[in-house]
Every structure is written in C-alpha cells, then in structure tokens.
Amino acid sequence: MSVNPAIQGRVFPAVPPYLVGREKVREFSRAVFATNPINFDPDAARAAGHSDIVAPPTFAVVVQEATLAQLLAEPDAGIDFTRVVHGDQRFSYSRPIVAGDELTATLRVASVKSLGGHSMVTAESTIVDATGAHVVTATSTLVVRGDE
C-alpha cells in the first residue's frame, strides 16, 4: 500500500497539553550532551533572562511525537511504519521552551511526494503555549520506502 496523497493539507486535532518538567529537561539535556548551565540550573537560566531552565532546541520532538503518532495511526494515510525512515527534522522557534511551559501541538501534513517508488511525507507540528502563543514549529520529513 502506498501513501495516500490526499492526506496532503490534512490538519489533525490538537494533542493533549504537555507540561514541560524541569527533570525532563535535565534528562533530555544529558541525553544530547548539552553543557550549557541554562539547561540544568534555574539560577543560570534566570540570570540569562529565562523563567526556568531552558530545553535544548531538539526537545520539541518530545512534544511533536504525539502528533506524529496521530499521523502514523491514521488508517487512510497508507503509511506502513515498518517502512518509515526519518529523512529530515527542522525547528523554527519564536522563543525557547522552558520548564513549566504547557505546550499543545497540532499537526498539518505539509506535503506528500513520490520519488522513485518511495514517498516523502512532510509534517509540520505547530506548538503553542497555554496562552496560544507560538513557541516552535517542528517539521519532520518521513521517507516511506516503497515495495522492493
């Protein structure tokens, strides 16, 4: 089964809010070998002008994951997860993610392209804070390998 091109432009419902915890930020920071004190120390983060510790830029994938799960679970999308390879990841920030943020994400399928028997699905997850203000857009391109 190939990817359904009709999913291009589809917007999925917002996922439940994700409360960014201080320890989750610290765990993620250690996992990506972050060394900046603002990722670990609330005093350092406040001295740098932030309300709490700052998540590394790639932390947005933690929130985005729930939106991608919606896409992958969509029966008419035609995406066989066993054939998916992550092709690209990008982030466009309005402000950093900090501990204490309550973030909600909404996914839009930006494009579906076929290339040599394979499909490329680009999904944009718009992540906003509790006030509805934009924080980051996380864009993932998934390559769905065609039949061999």
# chains A, B, ... in the order shown; residues from 1 in each chain; ligands from 1

call {"tool": "closest_atom_pairs", "arguments": {"of": "region 82-140 of chain A", "to": "region 14-24 of chain A", "cutoff": "6 Å", "atoms": "only C-alpha atoms", "output": "JSON lines"}}
result
{"residue": "A:Ala99", "atom": "CA", "partner": "A:Arg22", "partner_atom": "CA", "distance": 4.9}
{"residue": "A:Gly100", "atom": "CA", "partner": "A:Val20", "partner_atom": "CA", "distance": 5.3}
{"residue": "A:Asp101", "atom": "CA", "partner": "A:Val20", "partner_atom": "CA", "distance": 5.3}
{"residue": "A:Glu102", "atom": "CA", "partner": "A:Leu19", "partner_atom": "CA", "distance": 4.4}
{"residue": "A:Leu103", "atom": "CA", "partner": "A:Tyr18", "partner_atom": "CA", "distance": 5.1}
{"residue": "A:Thr104", "atom": "CA", "partner": "A:Pro17", "partner_atom": "CA", "distance": 4.6}
{"residue": "A:Ala105", "atom": "CA", "partner": "A:Ala14", "partner_atom": "CA", "distance": 5.5}
{"residue": "A:Thr106", "atom": "CA", "partner": "A:Ala14", "partner_atom": "CA", "distance": 4.4}

call {"tool": "select_by_dssp", "arguments": {"residues": "chain A", "states": "strand (DSSP E)", "output": "CSV table (one decimal) with all heavy atoms, in the first residue's frame"}}
result
chain,number,residue,atom,x,y,z
A,18,TYR,N,1.1,19.2,27.0
A,18,TYR,CA,2.3,18.6,27.6
A,18,TYR,C,2.9,19.6,28.5
A,18,TYR,O,3.3,20.7,28.1
A,18,TYR,CB,3.3,18.2,26.5
A,18,TYR,CG,4.6,17.6,27.0
A,18,TYR,CD1,4.7,16.2,27.2
A,18,TYR,CD2,5.7,18.3,27.4
A,18,TYR,CE1,5.8,15.6,27.7
A,18,TYR,CE2,6.8,17.8,27.9
A,18,TYR,CZ,6.9,16.4,28.0
A,18,TYR,OH,8.1,15.8,28.5
A,19,LEU,N,3.0,19.2,29.8
A,19,LEU,CA,3.7,20.1,30.8
A,19,LEU,C,5.1,19.8,30.8
A,19,LEU,O,5.5,18.6,31.2
A,19,LEU,CB,3.0,19.9,32.2
A,19,LEU,CG,3.6,20.7,33.3
A,19,LEU,CD1,3.4,22.2,33.0
A,19,LEU,CD2,2.9,20.4,34.6
A,84,VAL,N,9.2,3.1,7.4
A,84,VAL,CA,9.5,4.5,7.6
A,84,VAL,C,10.9,4.7,8.0
A,84,VAL,O,11.4,4.1,8.9
A,84,VAL,CB,8.5,5.2,8.6
A,84,VAL,CG1,9.0,6.6,9.0
A,84,VAL,CG2,7.1,5.2,8.1
A,85,VAL,N,11.6,5.7,7.3
A,85,VAL,CA,12.9,6.2,7.7
A,85,VAL,C,12.8,7.7,7.9
A,85,VAL,O,12.1,8.4,7.1
A,85,VAL,CB,13.9,5.9,6.6
A,85,VAL,CG1,15.3,6.5,7.0
A,85,VAL,CG2,14.0,4.4,6.3
A,86,HIS,N,13.3,8.2,9.0
A,86,HIS,CA,13.3,9.6,9.3
A,86,HIS,C,14.2,10.3,8.4
A,86,HIS,O,15.4,10.1,8.4
A,86,HIS,CB,13.6,9.9,10.8
A,86,HIS,CG,13.3,11.2,11.2
A,86,HIS,ND1,14.1,12.0,12.0
A,86,HIS,CD2,12.1,12.0,11.1
A,86,HIS,CE1,13.5,13.1,12.3
A,86,HIS,NE2,12.3,13.2,11.7
A,87,GLY,N,13.7,11.2,7.5
A,87,GLY,CA,14.5,11.8,6.5
A,87,GLY,C,15.1,13.2,6.9
A,87,GLY,O,16.2,13.5,6.5
A,88,ASP,N,14.3,14.0,7.7
A,88,ASP,CA,14.8,15.4,8.0
A,88,ASP,C,14.0,15.9,9.2
A,88,ASP,O,12.9,15.4,9.4
A,88,ASP,CB,14.5,16.3,6.8
A,88,ASP,CG,15.1,17.7,6.9
A,88,ASP,OD1,16.2,17.8,7.5
A,88,ASP,OD2,14.4,18.6,6.5
A,89,GLN,N,14.6,16.8,9.9
A,89,GLN,CA,14.0,17.4,11.1
A,89,GLN,C,14.4,18.8,11.1
A,89,GLN,O,15.6,19.1,11.0
A,89,GLN,CB,14.4,16.7,12.4
A,89,GLN,CG,13.7,17.2,13.6
A,89,GLN,CD,12.2,16.8,13.6
A,89,GLN,OE1,11.9,15.7,13.5
A,89,GLN,NE2,11.4,17.8,13.9
A,90,ARG,N,13.5,19.7,11.3
A,90,ARG,CA,13.8,21.2,11.4
A,90,ARG,C,12.9,21.8,12.5
A,90,ARG,O,11.8,21.3,12.8
A,90,ARG,CB,13.6,21.9,10.1
A,90,ARG,CG,14.5,21.4,9.0
A,90,ARG,CD,14.2,22.0,7.7
A,90,ARG,NE,14.9,21.3,6.6
A,90,ARG,CZ,15.2,21.8,5.5
A,90,ARG,NH1,14.9,23.0,5.2
A,90,ARG,NH2,15.9,21.1,4.6
A,91,PHE,N,13.4,22.9,13.0
A,91,PHE,CA,12.7,23.7,14.0
A,91,PHE,C,12.8,25.1,13.7
A,91,PHE,O,13.8,25.7,13.3
A,91,PHE,CB,13.3,23.4,15.4
A,91,PHE,CG,13.4,22.0,15.8
A,91,PHE,CD1,14.6,21.3,15.6
A,91,PHE,CD2,12.3,21.3,16.3
A,91,PHE,CE1,14.7,20.0,16.0
A,91,PHE,CE2,12.4,20.0,16.7
A,91,PHE,CZ,13.6,19.3,16.5
A,92,SER,N,11.6,25.8,13.9
A,92,SER,CA,11.5,27.2,13.7
A,92,SER,C,10.9,27.8,15.0
A,92,SER,O,9.7,27.7,15.2
A,92,SER,CB,10.7,27.6,12.5
A,92,SER,OG,10.5,29.0,12.4
A,93,TYR,N,11.8,28.4,15.8
A,93,TYR,CA,11.4,28.9,17.1
A,93,TYR,C,11.0,30.4,17.2
A,93,TYR,O,11.6,31.2,16.5
A,93,TYR,CB,12.5,28.7,18.1
A,93,TYR,CG,12.6,27.4,18.7
A,93,TYR,CD1,13.3,26.4,18.1
A,93,TYR,CD2,12.0,27.1,19.9
A,93,TYR,CE1,13.4,25.1,18.7
A,93,TYR,CE2,12.0,25.9,20.5
A,93,TYR,CZ,12.8,24.9,19.9
A,93,TYR,OH,12.8,23.6,20.5
A,102,GLU,N,3.3,24.8,29.3
A,102,GLU,CA,2.3,23.9,29.0
A,102,GLU,C,2.1,24.0,27.5
A,102,GLU,O,1.6,25.0,27.0
A,102,GLU,CB,1.0,24.1,29.8
A,102,GLU,CG,0.0,23.1,29.5
A,102,GLU,CD,-1.3,23.3,30.4
A,102,GLU,OE1,-1.2,23.1,31.6
A,102,GLU,OE2,-2.3,23.7,29.8
A,103,LEU,N,2.5,23.0,26.8
A,103,LEU,CA,2.5,23.1,25.3
A,103,LEU,C,1.5,22.2,24.6
A,103,LEU,O,1.3,21.1,25.1
A,103,LEU,CB,3.9,22.7,24.8
A,103,LEU,CG,5.1,23.6,25.4
A,103,LEU,CD1,6.4,23.0,24.9
A,103,LEU,CD2,4.9,25.0,25.0
A,104,THR,N,0.9,22.7,23.6
A,104,THR,CA,-0.1,21.9,22.8
A,104,THR,C,0.4,22.0,21.4
A,104,THR,O,0.8,23.0,20.9
A,104,THR,CB,-1.5,22.6,22.9
A,104,THR,OG1,-1.8,22.6,24.3
A,104,THR,CG2,-2.5,21.7,22.2
A,105,ALA,N,0.2,20.8,20.7
A,105,ALA,CA,0.7,20.7,19.3
A,105,ALA,C,-0.4,20.3,18.4
A,105,ALA,O,-1.2,19.5,18.7
A,105,ALA,CB,1.9,19.7,19.2
A,106,THR,N,-0.3,20.8,17.2
A,106,THR,CA,-1.3,20.5,16.1
A,106,THR,C,-0.4,20.1,14.9
A,106,THR,O,0.4,20.9,14.5
A,106,THR,CB,-2.2,21.6,15.8
A,106,THR,OG1,-2.9,22.0,17.0
A,106,THR,CG2,-3.2,21.3,14.7
A,107,LEU,N,-0.8,19.0,14.2
A,107,LEU,CA,0.0,18.6,13.0
A,107,LEU,C,-0.8,18.9,11.8
A,107,LEU,O,-2.0,18.7,11.7
A,107,LEU,CB,0.3,17.1,13.1
A,107,LEU,CG,1.1,16.5,11.9
A,107,LEU,CD1,2.1,15.5,12.4
A,107,LEU,CD2,0.2,15.8,10.9
A,108,ARG,N,-0.1,19.4,10.8
A,108,ARG,CA,-0.6,19.5,9.4
A,108,ARG,C,0.3,18.8,8.5
A,108,ARG,O,1.6,18.9,8.6
A,108,ARG,CB,-0.6,21.0,9.0
A,108,ARG,CG,-1.1,21.3,7.6
A,108,ARG,CD,-1.1,22.8,7.3
A,108,ARG,NE,0.2,23.3,7.1
A,108,ARG,CZ,0.9,23.3,5.9
A,108,ARG,NH1,0.3,22.7,4.8
A,108,ARG,NH2,2.1,23.8,5.8
A,109,VAL,N,-0.2,18.0,7.6
A,109,VAL,CA,0.6,17.3,6.5
A,109,VAL,C,0.9,18.4,5.5
A,109,VAL,O,0.0,18.8,4.7
A,109,VAL,CB,-0.2,16.1,6.0
A,109,VAL,CG1,0.7,15.4,4.9
A,109,VAL,CG2,-0.5,15.1,7.1
A,110,ALA,N,2.1,18.8,5.4
A,110,ALA,CA,2.5,19.9,4.5
A,110,ALA,C,2.7,19.4,3.1
A,110,ALA,O,2.3,20.1,2.1
A,110,ALA,CB,3.8,20.5,5.0
A,111,SER,N,3.2,18.2,2.9
A,111,SER,CA,3.3,17.7,1.5
A,111,SER,C,3.5,16.2,1.5
A,111,SER,O,3.9,15.6,2.5
A,111,SER,CB,4.5,18.3,0.8
A,111,SER,OG,5.7,17.9,1.4
A,112,VAL,N,3.1,15.6,0.4
A,112,VAL,CA,3.3,14.2,0.1
A,112,VAL,C,3.9,14.1,-1.3
A,112,VAL,O,3.2,14.6,-2.2
A,112,VAL,CB,2.0,13.4,0.2
A,112,VAL,CG1,2.2,11.9,-0.2
A,112,VAL,CG2,1.3,13.5,1.6
A,113,LYS,N,5.0,13.5,-1.4
A,113,LYS,CA,5.7,13.4,-2.7
A,113,LYS,C,6.1,12.0,-3.0
A,113,LYS,O,6.5,11.3,-2.1
A,113,LYS,CB,6.9,14.3,-2.8
A,113,LYS,CG,6.7,15.8,-2.6
A,113,LYS,CD,7.9,16.6,-2.6
A,113,LYS,CE,7.6,18.1,-2.3
A,113,LYS,NZ,8.8,18.9,-2.1
A,114,SER,N,6.1,11.6,-4.2
A,114,SER,CA,6.6,10.3,-4.6
A,114,SER,C,7.9,10.5,-5.4
A,114,SER,O,8.0,11.3,-6.3
A,114,SER,CB,5.5,9.6,-5.5
A,114,SER,OG,4.4,9.3,-4.8
A,115,LEU,N,8.8,9.6,-5.0
A,115,LEU,CA,10.2,9.7,-5.6
A,115,LEU,C,10.7,8.3,-5.9
A,115,LEU,O,11.0,7.6,-4.9
A,115,LEU,CB,11.2,10.5,-4.7
A,115,LEU,CG,10.8,11.9,-4.5
A,115,LEU,CD1,11.5,12.4,-3.3
A,115,LEU,CD2,11.3,12.7,-5.7
A,118,HIS,N,9.3,5.5,-3.8
A,118,HIS,CA,9.2,5.8,-2.4
A,118,HIS,C,8.3,7.1,-2.2
A,118,HIS,O,8.1,7.8,-3.1
A,118,HIS,CB,10.6,6.1,-1.8
A,118,HIS,CG,11.6,5.0,-2.1
A,118,HIS,ND1,11.4,3.7,-1.6
A,118,HIS,CD2,12.7,5.0,-2.8
A,118,HIS,CE1,12.4,3.0,-2.0
A,118,HIS,NE2,13.2,3.7,-2.7
A,119,SER,N,7.9,7.3,-1.0
A,119,SER,CA,7.1,8.5,-0.7
A,119,SER,C,7.8,9.3,0.4
A,119,SER,O,8.5,8.8,1.3
A,119,SER,CB,5.7,8.1,-0.2
A,119,SER,OG,5.0,7.5,-1.2
A,120,MET,N,7.6,10.6,0.3
A,120,MET,CA,8.2,11.5,1.3
A,120,MET,C,7.0,12.3,1.9
A,120,MET,O,6.3,13.0,1.1
A,120,MET,CB,9.2,12.5,0.7
A,120,MET,CG,10.5,11.7,0.3
A,120,MET,SD,11.7,12.8,-0.4
A,120,MET,CE,12.2,13.7,1.1
A,121,VAL,N,6.8,12.2,3.2
A,121,VAL,CA,5.7,12.9,3.8
A,121,VAL,C,6.3,14.0,4.8
A,121,VAL,O,7.1,13.6,5.7
A,121,VAL,CB,4.8,11.9,4.6
A,121,VAL,CG1,3.7,12.7,5.3
A,121,VAL,CG2,4.3,10.8,3.7
A,122,THR,N,6.0,15.2,4.5
A,122,THR,CA,6.5,16.3,5.4
A,122,THR,C,5.3,16.7,6.3
A,122,THR,O,4.2,17.1,5.8
A,122,THR,CB,7.0,17.5,4.6
A,122,THR,OG1,8.1,17.0,3.7
A,122,THR,CG2,7.5,18.6,5.5
A,123,ALA,N,5.6,16.7,7.6
A,123,ALA,CA,4.6,17.0,8.6
A,123,ALA,C,5.1,18.2,9.5
A,123,ALA,O,6.2,18.1,9.9
A,123,ALA,CB,4.3,15.8,9.5
A,124,GLU,N,4.2,19.2,9.6
A,124,GLU,CA,4.6,20.3,10.4
A,124,GLU,C,3.7,20.3,11.7
A,124,GLU,O,2.5,20.3,11.6
A,124,GLU,CB,4.3,21.6,9.7
A,124,GLU,CG,5.1,21.9,8.5
A,124,GLU,CD,4.8,23.1,7.7
A,124,GLU,OE1,3.7,23.7,8.0
A,124,GLU,OE2,5.6,23.5,6.8
A,125,SER,N,4.4,20.3,12.8
A,125,SER,CA,3.7,20.3,14.1
A,125,SER,C,3.9,21.7,14.7
A,125,SER,O,5.0,22.1,15.0
A,125,SER,CB,4.2,19.3,15.1
A,125,SER,OG,4.0,18.0,14.5
A,126,THR,N,2.8,22.5,14.8
A,126,THR,CA,2.8,23.8,15.4
A,126,THR,C,2.6,23.7,16.9
A,126,THR,O,1.6,23.1,17.3
A,126,THR,CB,1.8,24.7,14.7
A,126,THR,OG1,2.0,24.8,13.3
A,126,THR,CG2,1.8,26.1,15.3
A,127,ILE,N,3.5,24.2,17.7
A,127,ILE,CA,3.5,24.0,19.1
A,127,ILE,C,3.3,25.4,19.7
A,127,ILE,O,4.1,26.3,19.5
A,127,ILE,CB,4.8,23.3,19.6
A,127,ILE,CG1,4.9,22.0,19.0
A,127,ILE,CG2,4.8,23.2,21.2
A,127,ILE,CD1,6.2,21.3,19.2
A,128,VAL,N,2.2,25.5,20.6
A,128,VAL,CA,1.9,26.8,21.2
A,128,VAL,C,1.9,26.6,22.7
A,128,VAL,O,1.8,25.5,23.2
A,128,VAL,CB,0.5,27.3,20.7
A,128,VAL,CG1,0.5,27.5,19.2
A,128,VAL,CG2,-0.6,26.4,21.1
A,134,HIS,N,2.7,31.1,19.7
A,134,HIS,CA,3.6,30.2,19.0
A,134,HIS,C,4.9,30.1,19.8
A,134,HIS,O,5.5,31.1,20.2
A,134,HIS,CB,3.8,30.7,17.6
A,134,HIS,CG,4.7,29.8,16.8
A,134,HIS,ND1,6.1,30.0,16.7
A,134,HIS,CD2,4.5,28.7,16.1
A,134,HIS,CE1,6.6,29.1,16.0
A,134,HIS,NE2,5.7,28.3,15.6
A,135,VAL,N,5.4,28.9,19.9
A,135,VAL,CA,6.7,28.6,20.5
A,135,VAL,C,7.6,28.1,19.5
A,135,VAL,O,8.7,28.6,19.3
A,135,VAL,CB,6.6,27.6,21.7
A,135,VAL,CG1,7.9,27.3,22.3
A,135,VAL,CG2,5.7,28.2,22.8
A,136,VAL,N,7.2,27.0,18.8
A,136,VAL,CA,8.1,26.4,17.8
A,136,VAL,C,7.2,25.6,16.8
A,136,VAL,O,6.1,25.1,17.1
A,136,VAL,CB,9.1,25.5,18.5
A,136,VAL,CG1,8.4,24.4,19.3
A,136,VAL,CG2,10.1,24.9,17.5
A,137,THR,N,7.7,25.6,15.6
A,137,THR,CA,7.1,24.7,14.6
A,137,THR,C,8.2,23.6,14.3
A,137,THR,O,9.3,24.0,14.0
A,137,THR,CB,6.7,25.4,13.3
A,137,THR,OG1,5.7,26.3,13.6
A,137,THR,CG2,6.2,24.4,12.2
A,138,ALA,N,7.9,22.4,14.5
A,138,ALA,CA,8.8,21.2,14.3
A,138,ALA,C,8.3,20.6,13.0
A,138,ALA,O,7.2,20.1,12.9
A,138,ALA,CB,8.7,20.2,15.5
A,139,THR,N,9.2,20.5,12.0
A,139,THR,CA,8.9,19.9,10.7
A,139,THR,C,9.7,18.6,10.5
A,139,THR,O,11.0,18.6,10.7
A,139,THR,CB,9.3,20.9,9.6
A,139,THR,OG1,8.6,22.1,9.9
A,139,THR,CG2,8.9,20.4,8.3
A,140,SER,N,9.0,17.6,10.3
A,140,SER,CA,9.7,16.3,10.1
A,140,SER,C,9.3,15.8,8.7
A,140,SER,O,8.2,15.9,8.2
A,140,SER,CB,9.1,15.2,11.0
A,140,SER,OG,9.5,15.5,12.3
A,141,THR,N,10.3,15.2,8.0
A,141,THR,CA,10.1,14.5,6.7
A,141,THR,C,10.3,13.1,7.0
A,141,THR,O,11.4,12.7,7.4
A,141,THR,CB,11.0,15.1,5.6
A,141,THR,OG1,10.7,16.5,5.4
A,141,THR,CG2,10.7,14.4,4.3
A,142,LEU,N,9.3,12.3,6.7
A,142,LEU,CA,9.4,10.8,6.8
A,142,LEU,C,9.5,10.2,5.4
A,142,LEU,O,8.7,10.6,4.5
A,142,LEU,CB,8.1,10.3,7.5
A,142,LEU,CG,7.8,10.9,8.8
A,142,LEU,CD1,6.4,10.3,9.3
A,142,LEU,CD2,8.9,10.7,9.8
A,143,VAL,N,10.4,9.4,5.2
A,143,VAL,CA,10.5,8.6,3.9
A,143,VAL,C,9.9,7.3,4.1
A,143,VAL,O,10.3,6.5,5.0
A,143,VAL,CB,12.0,8.5,3.5
A,143,VAL,CG1,12.1,7.7,2.2
A,143,VAL,CG2,12.7,9.9,3.4
A,144,VAL,N,8.9,7.0,3.3
A,144,VAL,CA,8.2,5.7,3.4
A,144,VAL,C,8.7,4.9,2.2
A,144,VAL,O,8.5,5.2,1.0
A,144,VAL,CB,6.7,5.9,3.3
A,144,VAL,CG1,6.0,4.5,3.5
A,144,VAL,CG2,6.2,6.8,4.4

call {"tool": "closest_residue", "arguments": {"among": "A:Ala44, A:Ala77, A:Val61, A:Val25", "to": "Arg10 (chain A)", "atoms": "only C-alpha atoms"}}
result
A:Ala77

call {"tool": "atom_distance", "arguments": {"atom1": "CA of Ile79 (chain A)", "atom2": "CA of Glu65 (chain A)"}}
result
15.7 Å

call {"tool": "residues_around", "arguments": {"residues": "Pro37 (chain A)", "least_positions_apart": "5", "cutoff": "10 Å", "atoms": "only C-alpha atoms", "output": "list in words"}}
result
Pro42, Asp43, Ala44, Ala45, Ala48, Ile53 and Val54 of chain A

call {"tool": "write_last_selection", "arguments": {"atoms": "all heavy atoms", "output": "compact mmCIF listing (two decimals), in the first residue's frame"}}
result
# COMPACT_ATOMS: atom_id res chain seq x y z
N PRO A 42 18.44 26.48 37.41
CA PRO A 42 17.45 27.56 37.35
C PRO A 42 18.05 28.95 37.57
O PRO A 42 17.62 29.91 36.93
CB PRO A 42 16.46 27.21 38.46
CG PRO A 42 16.63 25.76 38.69
CD PRO A 42 18.06 25.45 38.38
N ASP A 43 19.05 29.06 38.44
CA ASP A 43 19.68 30.37 38.67
C ASP A 43 20.39 30.86 37.42
O ASP A 43 20.30 32.05 37.07
CB ASP A 43 20.64 30.31 39.86
CG ASP A 43 19.91 30.09 41.18
OD1 ASP A 43 18.72 30.51 41.29
OD2 ASP A 43 20.52 29.51 42.10
N ALA A 44 21.10 29.96 36.73
CA ALA A 44 21.78 30.34 35.49
C ALA A 44 20.77 30.74 34.42
O ALA A 44 20.97 31.70 33.68
CB ALA A 44 22.65 29.19 35.00
N ALA A 45 19.66 30.00 34.37
CA ALA A 45 18.62 30.32 33.38
C ALA A 45 17.99 31.68 33.67
O ALA A 45 17.80 32.49 32.76
CB ALA A 45 17.54 29.22 33.38
N ALA A 48 20.11 34.49 32.71
CA ALA A 48 20.12 34.68 31.26
C ALA A 48 18.78 35.22 30.75
O ALA A 48 18.59 35.34 29.54
CB ALA A 48 20.45 33.37 30.57
N ILE A 53 14.71 26.63 33.70
CA ILE A 53 15.72 26.05 32.82
C ILE A 53 15.18 25.91 31.40
O ILE A 53 13.99 25.75 31.17
CB ILE A 53 16.25 24.71 33.36
CG1 ILE A 53 15.17 23.65 33.45
CG2 ILE A 53 16.95 24.91 34.70
CD1 ILE A 53 15.71 22.26 33.83
N VAL A 54 16.10 26.01 30.45
CA VAL A 54 15.77 26.05 29.03
C VAL A 54 16.04 24.68 28.40
O VAL A 54 17.10 24.09 28.61
CB VAL A 54 16.60 27.13 28.31
CG1 VAL A 54 16.32 27.14 26.82
CG2 VAL A 54 16.35 28.50 28.94

call {"tool": "decode", "arguments": {"residues": "region 127-140 of chain A", "atoms": "N, CA, C and O atoms", "output": "PDB file, in the first residue's frame"}}
result
ATOM      1  N   ILE A 127       3.537  24.170  17.661  1.00  0.00           N
ATOM      2  CA  ILE A 127       3.488  24.020  19.113  1.00  0.00           C
ATOM      3  C   ILE A 127       3.294  25.397  19.734  1.00  0.00           C
ATOM      4  O   ILE A 127       4.056  26.327  19.452  1.00  0.00           O
ATOM      5  N   VAL A 128       2.248  25.503  20.555  1.00  0.00           N
ATOM      6  CA  VAL A 128       1.898  26.770  21.199  1.00  0.00           C
ATOM      7  C   VAL A 128       1.887  26.594  22.709  1.00  0.00           C
ATOM      8  O   VAL A 128       1.753  25.474  23.224  1.00  0.00           O
ATOM      9  N   ASP A 129       1.995  27.716  23.426  1.00  0.00           N
ATOM     10  CA  ASP A 129       1.949  27.657  24.894  1.00  0.00           C
ATOM     11  C   ASP A 129       0.508  27.795  25.377  1.00  0.00           C
ATOM     12  O   ASP A 129      -0.432  27.856  24.579  1.00  0.00           O
ATOM     13  N   ALA A 130       0.335  27.856  26.697  1.00  0.00           N
ATOM     14  CA  ALA A 130      -1.009  27.883  27.294  1.00  0.00           C
ATOM     15  C   ALA A 130      -1.801  29.120  26.900  1.00  0.00           C
ATOM     16  O   ALA A 130      -3.032  29.109  26.954  1.00  0.00           O
ATOM     17  N   THR A 131      -1.121  30.191  26.471  1.00  0.00           N
ATOM     18  CA  THR A 131      -1.824  31.406  26.033  1.00  0.00           C
ATOM     19  C   THR A 131      -2.176  31.352  24.552  1.00  0.00           C
ATOM     20  O   THR A 131      -2.824  32.256  24.041  1.00  0.00           O
ATOM     21  N   GLY A 132      -1.702  30.303  23.859  1.00  0.00           N
ATOM     22  CA  GLY A 132      -1.924  30.188  22.418  1.00  0.00           C
ATOM     23  C   GLY A 132      -0.824  30.818  21.595  1.00  0.00           C
ATOM     24  O   GLY A 132      -0.887  30.812  20.364  1.00  0.00           O
ATOM     25  N   ALA A 133       0.213  31.332  22.250  1.00  0.00           N
ATOM     26  CA  ALA A 133       1.326  31.959  21.529  1.00  0.00           C
ATOM     27  C   ALA A 133       2.239  30.888  20.936  1.00  0.00           C
ATOM     28  O   ALA A 133       2.562  29.888  21.589  1.00  0.00           O
ATOM     29  N   HIS A 134       2.663  31.134  19.703  1.00  0.00           N
ATOM     30  CA  HIS A 134       3.566  30.214  19.015  1.00  0.00           C
ATOM     31  C   HIS A 134       4.890  30.098  19.766  1.00  0.00           C
ATOM     32  O   HIS A 134       5.465  31.100  20.182  1.00  0.00           O
ATOM     33  N   VAL A 135       5.352  28.867  19.938  1.00  0.00           N
ATOM     34  CA  VAL A 135       6.660  28.610  20.535  1.00  0.00           C
ATOM     35  C   VAL A 135       7.609  28.075  19.474  1.00  0.00           C
ATOM     36  O   VAL A 135       8.702  28.604  19.280  1.00  0.00           O
ATOM     37  N   VAL A 136       7.186  27.024  18.780  1.00  0.00           N
ATOM     38  CA  VAL A 136       8.053  26.394  17.782  1.00  0.00           C
ATOM     39  C   VAL A 136       7.199  25.621  16.783  1.00  0.00           C
ATOM     40  O   VAL A 136       6.138  25.104  17.121  1.00  0.00           O
ATOM     41  N   THR A 137       7.689  25.568  15.566  1.00  0.00           N
ATOM     42  CA  THR A 137       7.134  24.650  14.575  1.00  0.00           C
ATOM     43  C   THR A 137       8.208  23.607  14.311  1.00  0.00           C
ATOM     44  O   THR A 137       9.345  23.952  13.965  1.00  0.00           O
ATOM     45  N   ALA A 138       7.850  22.351  14.525  1.00  0.00           N
ATOM     46  CA  ALA A 138       8.752  21.226  14.290  1.00  0.00           C
ATOM     47  C   ALA A 138       8.322  20.557  12.993  1.00  0.00           C
ATOM     48  O   ALA A 138       7.162  20.150  12.862  1.00  0.00           O
ATOM     49  N   THR A 139       9.237  20.480  12.046  1.00  0.00           N
ATOM     50  CA  THR A 139       8.935  19.913  10.731  1.00  0.00           C
ATOM     51  C   THR A 139       9.732  18.639  10.550  1.00  0.00           C
ATOM     52  O   THR A 139      10.958  18.637  10.654  1.00  0.00           O
ATOM     53  N   SER A 140       9.016  17.557  10.283  1.00  0.00           N
ATOM     54  CA  SER A 140       9.651  16.256  10.056  1.00  0.00           C
ATOM     55  C   SER A 140       9.318  15.781   8.651  1.00  0.00           C
ATOM     56  O   SER A 140       8.181  15.906   8.198  1.00  0.00           O
TER      57      SER A 140
END
